[in-house]
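Only one structure is covered here, and it is reproduced in the block below.
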Amino acid sequence: MLLKHTTDEIKARKALTINPAKTCQPIGAMYASLGIHGCLPHSHGSQGCYAYHRSTLTRHYKEPVMAATSAFTEGASVFGGQANLLQALDNIFTVYNPDVVAVHTTCLSETIGDDIPQIFNKAIADGKVPEGKYVLHANTPSYVGSHITGFANMTKAMVDYFAVSNGHKEKTVNIIPGYVEPADMEEIKRLGDIMGIKTIMFPDTSKVLNGPMTGRFKMYPEGGVTIKELKLAGSSKGTIALGNLASGAAAKALDVKCKVPCQILDLPIGLQATDMFIDTLRQIAGVNVPDAVTFERGQMIDIITDMHQYFYGRRVGLVGDPDQILALAKFLVSIDMCPVYIVSGSPAGKKFVKRLEEITQEVPYEVKISVPGDMFLFHQWIKQESVDLIIGNTYAKYIARDEDIPLIRFGFPILDRVGHSYFPTVGYKGGIRLLEKILDAILDRIDRDSSDISFELVM
Amino acid sequence: MAATAEKIDKFELDGMDPEKIKEELLSRYPTKVARKRAKQIIINKVEGCEVPVIQSNVRTIPGLMSQRGCCYAGCKGVVLGPTRDIVNITHGPIGCGFYSWLTRRNQTDPSTTPDGHNFMTYCFSTDMQDQEIIFGGEKKLKQAIQEAYDNFKPKAIAVFSTCPVGLIGDDVHSVCREMKDKLGINIFGFSCEGYKGVSQSAGHHIANNQIFKHVIGNDDTVKEGDFKINLLGEYNIGGDAFEIERIFKKCGITQVASFSGNSSIDAFANSHTADLNLIMCHRSINYVAEMMEKKYGLPWIKVNFIGAEATAKSLRKIAAYFEDQKLTDKVEEVIVQEMPQVLKSIAEIKPRTEGKRAMLFVGGSRAHHYQELFKELGMITLSAGYEFGHRDDYEGRKVLPSIKVDADSRNIEELSVKADPEKFNPRKSPENLQKLKEKGLEFSSYEGMMPEMKNGVLVIDDITQYETEKLIELFKPDIFCAGIKEKYTIQKYGIPMKQLHSYDYGGPYAGFKGALNFYKDIDRMVNSRVWGYLKAPWQIKPELAATYAWE
């Protein structure tokens, strides 16, 4: 037993987080920054933060993750980090030559109160930001919110710094994809493409964090939203923000700044959420949905109807980020599965919890929700009454092993498997993949547990 | 002593002049940066025992991508992380605790301690929120310690400070004292804020100090067993410590404590009853050995269990120390038993690895130790350096008096340690020690990386991403060793990259069996077919030919 000290007896905790289901803002900001073309993320604080964030993102994506740091020592912590950031910008542009440097703060620089825009002004005045190069920043104190908040803040910063209205409406539609995998961003763009819609996606980590092996290392891979596109986003017809927590802030900021109307939707995970996404996109762009998309939709429903007996009534434990678990819970309920324990480490607000309660109100079991909660509590609930399936990140594998429950790895981080950055879970294709994963987990389990006599070949 | 360094020949350097290479590495940098980096990029030149001076353990240059982590990572992640039965609470926002949760592959075997406690699979954090940053986090920390106690009833709780804790001035030590009195278990804190020092190294030092103050010497029971040793600076990545323990057991050597792979707090508390400290990773733990020698009278020797020859040599050193014929015979017998498989494997693999070129940039000992394994395969180390080493790790411990202490190091507490009036017990008389020294056994000494490397190779401290890229472009080494952050960048060039922090989920690599694992892995990597597929057929022959090839 790897988590043998976890018992089913739940003692109230107010101060101690055990086995967190979230991490801190800067890593989310770093991830978002990597979705700008030619951008070097920069962590303004001590170097441990950037080392940890780069390590975790690298382990998750199995790709180079480039970033720089202000490398605070005690002096900078006392006297402020201005000198460090100025020096860093000088070195970064001289040595690594990015188009953009995206600075995010850490708990250290936030606590001492470094004023990044003021430091930027000084850097520009001192000629440390070369002509034609850009800087942007987001405040991402680690003691507020989570990695999702950091992603949202950096995405909003892209709007704040770059989006401008050019006075007339372009044919483009903005899509803010949320804290999802590169493959998901690619899939969302593909759907836009086959509907004949010009989309501007930001951030966009596809082709950045799922790049090819070519024998050449490119510090700035070909993917990512360009500054030109980010500027143009201010003149788009509309914005679709996927996932309120990760994408809502940027969409609203764009509406306020450039009068680009926005629709905030759930992440397009599963049938109804994808339907809603396609339908909204169609209406904003003023196009018809091509048959190819409706065909994919039909394939997905085909699997659900064919395999319904394996979904029906299964109890599922769900742990992850708010936008994800909301969409997943809705998807599971739609195929008659029963999300009974739902935990997110990220705080998401009362309305969010209320929506989760609405989504799960028909579930014929007691549904326990903890937002923000941790994986220790999640495990204790499972100890009290088990589930048929766990959906969660890599760290859930300890619970899965101890309790002998199938696990589907979903969310962030996934440190011990590949595939997540190459194959989407959004859209109808992504839904089909998720259904396959659920079925594999359940059917492998049935095969494993059946006796020689009842072991069967056909369905 | 060693001074075996040969001169590297032009063939191995692809005919390049090391001076020119150094110039090339520096050419892109702004003048001031270049001047500083020039002191950290050294062309090795061994003359007798003398090597050039290398600047190290100095500040990372902001904006240059370094491999380094922080003080907290060195303290909580490296040194305390592998101890299974202490509840380690990270006091700070959630990130630091999260990132140091199970990410170092420290294996442990809880069945070997009576209570079977193992908290390593758990991550404990006070998850500080903005109101605690404003009003202080001591209250929450106290409550968190209480809740950890209520849920787990551990025998010890340790608290680790993160950056904001130091800034807002939470007194973790007084909170720990108060809770220790209240709960009656050992509770202690570490002021290991990330901004302290210039790298992980500061955290090792702080970890050593607190473990020495709060744990070592708490249990005076002298346990049975001959030839009692502690193994210091071995973190049981991929099961290394298990292999070393197997060898000790076979030789009849009793291991009292391991700092800190596969370790427990009781073993720490009892470690001063051993007769000899063995140091693997000098950089992370030499402080503990020094202090134990002063307070309790245990000498220390440097050992290395990476490489079969190095393992045999280290075992012989231990036997020499104990001056016992039976032990000496046993050690020789074990070496005779273990070596044939090693030699067989080398004979099979070496023809495929001989002359291949490696580069190692990692840690504060591994970049040195792993050169032994490459040597055994006939491979050449073209360039190496430490992530957070000090000058003594490069040049040998004799340079200690000439190391200037700068402001960043001065901020780390130096304990003043005296002989314990009751517990000090010199294990060897001065005369005896002298005799052993004359026989060639070196105490409190460490040769360093540079004296054992070839002349003309580049030794680079705190290598930057830019320099890494340049080295790869210039040399196209056959294998590169570094950490996870560097791994995929290097592999994109088509160069196999071996992680020497986590071993890419391989290992163990220590001891005799570990050496066998390493040879196999390196053979697989440098001779892999996959690197030959990088170009598609139409990229190799792009011309269009309108013939039907299969007609």
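Labels used: A, B, ... for chains in the order of the structure tokens, numbers from 1 for residues in each chain, and numbers from 1 for ligands as shown.
The residues of range 345-453 of chain B that DSSP classifies as strand (DSSP E or B), using the backbone of this structure, are Arg357, Ala358, Met359, Leu360, Phe361, Ile380, Thr381, Leu382, Ser383, Ala384 and Gly385 of chain B.
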>> With DSSP run on the backbone, what are the alpha helix (DSSP H) residues within range 127-281 of chain A? I'd like them as a ChimeraX atom specification.
In response: /A:147-162,182-194,227-232,244-258,271-281
> Skipping near chain neighbours, those fewer than 3 positions away, what residues fall within 10 Å of range 274-287 of chain A using only C-alpha atoms, listed as a ChimeraX atom specification?
Replying inline: /A:171-175,188,191-192,195-199,237-242,261-271,290,293-294,297,327,426-428,430-431
>> Please find the residues of chain A near chain B - the criterion being any atom within 6 Å, counting only C-alpha atoms - and write them as a ChimeraX atom specification.
In response: /A:15-19,23-24,46-48,51,55,63-64,68-74,84,88,91-92,108,142-144,213-217
>> Between CA of Leu40 in chain A and CA of Leu415 in chain A, what is the distance in Å, rounded to a tenth?
In response: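 Here the two named atoms are 23.1 Å from each other.
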> What is the CA of Met449 in chain B to CA of His368 in chain B distance in Å?
Replying inline: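 We find that CA of Met449 in chain B and CA of His368 in chain B lie 5.4 Å from each other.
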> Any idea what's packed within 8 Å of Glu376 in chain B, counting only C-alpha atoms, ignoring anything in its chain fewer than 3 positions away? Could you give it as a list in words?
Replying inline: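 Near Glu376 in chain B, the qualifying residues are Gly307, Ile346, Glu372, Leu373 and Met379 of chain B.
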>> Applying 9 Å and only C-alpha atoms, which residues near range 405-409 of chain A remain after dropping the ones on its own chain fewer than 2 positions away? List them as a PyMOL selection string.
In response: chain A and resi 386-394+396-397+399-403+411-412+414+417+420+437-438+441-442+444-445
Suppose we keep C-alpha atoms; can you now write the selection as a CSV table (one decimal), in the first residue's frame?
chain,number,residue,atom,x,y,z
A,386,SER,CA,-15.5,2.8,-3.9
A,387,VAL,CA,-15.9,3.7,-7.5
A,388,ASP,CA,-15.6,1.8,-10.8
A,389,LEU,CA,-13.3,4.2,-12.5
A,390,ILE,CA,-11.0,7.2,-11.6
A,391,ILE,CA,-10.4,10.0,-14.0
A,392,GLY,CA,-7.5,12.2,-12.8
A,393,ASN,CA,-3.9,13.2,-13.4
A,394,THR,CA,-0.8,11.0,-12.8
A,396,ALA,CA,-4.1,9.5,-9.0
A,397,LYS,CA,-2.2,6.3,-9.9
A,399,ILE,CA,-5.0,5.7,-5.3
A,400,ALA,CA,-5.8,3.5,-8.3
A,401,ARG,CA,-3.2,1.0,-7.3
A,402,ASP,CA,-4.0,0.9,-3.6
A,403,GLU,CA,-7.7,0.6,-4.2
A,411,GLY,CA,-5.7,16.7,-17.1
A,412,PHE,CA,-2.4,18.1,-15.8
A,414,ILE,CA,0.5,13.5,-16.8
A,417,ARG,CA,2.4,8.4,-20.1
A,420,HIS,CA,-2.1,13.3,-24.4
A,437,LYS,CA,-10.4,5.0,-23.1
A,438,ILE,CA,-13.3,4.5,-20.8
A,441,ALA,CA,-10.5,0.6,-18.9
A,442,ILE,CA,-13.8,-1.0,-18.1
A,444,ASP,CA,-9.9,-4.7,-19.6
A,445,ARG,CA,-11.1,-4.9,-16.0
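By chain and then residue number, the residues within 10 Å of Leu231 in chain B are Glu234, Tyr235, Ala241, Ile244, Glu245, Gln255, Val256, Ala257, Ser258, Phe259, Ser260, Gly261, Ser271, Leu276, Asn277, Leu278, Ile279, Met280, Cys281 and Val303 of chain B, counting only C-alpha atoms and disregarding those fewer than 3 positions away in sequence.
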If you keep C-alpha atoms, can you produce a file of those selected residues as a compact mmCIF listing (two decimals), in the first residue's frame?
# COMPACT_ATOMS: atom_id res chain seq x y z
CA GLU B 234 23.45 8.54 -1.52
CA TYR B 235 19.80 9.21 -2.35
CA ALA B 241 21.25 2.40 -2.24
CA ILE B 244 25.14 -0.75 -2.20
CA GLU B 245 23.40 -2.20 0.87
CA GLN B 255 25.25 0.14 7.82
CA VAL B 256 23.90 2.21 10.70
CA ALA B 257 22.38 5.00 8.68
CA SER B 258 22.08 6.25 5.16
CA PHE B 259 21.79 9.96 4.46
CA SER B 260 19.31 9.93 3.01
CA GLY B 261 18.28 7.28 0.52
CA SER B 271 24.18 7.44 13.28
CA LEU B 276 33.19 5.60 9.95
CA ASN B 277 31.36 7.94 7.60
CA LEU B 278 31.48 7.21 3.89
CA ILE B 279 30.72 10.09 1.57
CA MET B 280 29.26 9.54 -1.87
CA CYS B 281 27.98 12.95 -2.95
CA VAL B 303 33.94 6.71 -1.58
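Using only C-alpha atoms, the residues found no farther than 8 Å from Pro41 in chain A, other than those of its own chain fewer than 3 positions away, are Met30, Ser33, Leu34, Met66, Ala67, Ala68, Val101, Ala102, Val103 and His104 of chain A.
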Take the residues from that selection and write them out as a short mmCIF file (atom, residue, chain, number, x, y, z; two decimals), in the first residue's frame, keeping all heavy atoms.
data_model
loop_
_atom_site.label_atom_id
_atom_site.label_comp_id
_atom_site.auth_asym_id
_atom_site.auth_seq_id
_atom_site.Cartn_x
_atom_site.Cartn_y
_atom_site.Cartn_z
N MET A 30 3.39 30.27 -17.65
CA MET A 30 4.48 29.81 -18.52
C MET A 30 3.91 29.00 -19.69
O MET A 30 4.31 29.18 -20.84
CB MET A 30 5.50 28.98 -17.73
CG MET A 30 6.76 28.66 -18.50
SD MET A 30 7.93 27.63 -17.59
CE MET A 30 8.78 28.82 -16.58
N SER A 33 2.31 31.34 -22.16
CA SER A 33 3.31 32.11 -22.90
C SER A 33 3.92 31.30 -24.04
O SER A 33 4.25 31.84 -25.09
CB SER A 33 4.46 32.54 -21.98
OG SER A 33 3.96 33.20 -20.85
N LEU A 34 4.07 30.00 -23.81
CA LEU A 34 4.65 29.15 -24.85
C LEU A 34 3.74 29.07 -26.07
O LEU A 34 4.17 28.66 -27.15
CB LEU A 34 4.93 27.75 -24.29
CG LEU A 34 6.09 27.68 -23.27
CD1 LEU A 34 6.06 26.37 -22.50
CD2 LEU A 34 7.44 27.87 -23.97
N MET A 66 11.36 26.07 -23.00
CA MET A 66 12.33 27.14 -22.83
C MET A 66 11.74 28.25 -21.96
O MET A 66 10.58 28.61 -22.12
CB MET A 66 12.70 27.72 -24.20
CG MET A 66 13.40 26.73 -25.10
SD MET A 66 15.03 26.33 -24.45
CE MET A 66 14.83 24.63 -24.02
N ALA A 67 12.56 28.79 -21.09
CA ALA A 67 12.12 29.92 -20.26
C ALA A 67 13.35 30.50 -19.59
O ALA A 67 14.40 29.84 -19.53
CB ALA A 67 11.12 29.47 -19.21
N ALA A 68 13.23 31.71 -19.11
CA ALA A 68 14.34 32.34 -18.40
C ALA A 68 13.88 32.79 -17.01
O ALA A 68 12.70 32.71 -16.70
CB ALA A 68 14.87 33.53 -19.20
N VAL A 101 9.11 38.62 -25.00
CA VAL A 101 9.39 38.05 -23.68
C VAL A 101 8.15 38.22 -22.82
O VAL A 101 7.65 39.34 -22.66
CB VAL A 101 10.61 38.73 -23.00
CG1 VAL A 101 10.81 38.18 -21.60
CG2 VAL A 101 11.86 38.53 -23.84
N ALA A 102 7.62 37.11 -22.32
CA ALA A 102 6.42 37.17 -21.48
C ALA A 102 6.82 36.95 -20.03
O ALA A 102 7.19 35.85 -19.63
CB ALA A 102 5.42 36.10 -21.92
N VAL A 103 6.74 38.02 -19.26
CA VAL A 103 7.17 37.96 -17.87
C VAL A 103 5.98 37.61 -16.97
O VAL A 103 4.91 38.20 -17.11
CB VAL A 103 7.78 39.31 -17.43
CG1 VAL A 103 8.14 39.29 -15.95
CG2 VAL A 103 8.99 39.66 -18.28
N HIS A 104 6.18 36.65 -16.10
CA HIS A 104 5.18 36.44 -15.04
C HIS A 104 5.88 36.55 -13.70
O HIS A 104 7.06 36.26 -13.58
CB HIS A 104 4.47 35.09 -15.20
CG HIS A 104 5.40 33.92 -15.20
ND1 HIS A 104 5.87 33.33 -16.36
CD2 HIS A 104 5.97 33.24 -14.18
CE1 HIS A 104 6.68 32.34 -16.04
NE2 HIS A 104 6.77 32.26 -14.73
#
> Which one of A:Asp323, A:Ala76, A:Asn244, A:Leu439 sits closest to Gln309 in chain A if you count only C-alpha atoms?
Replying inline: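 Looking only at the distances to Gln309 in chain A, the closest residue turns out to be A:Leu439.
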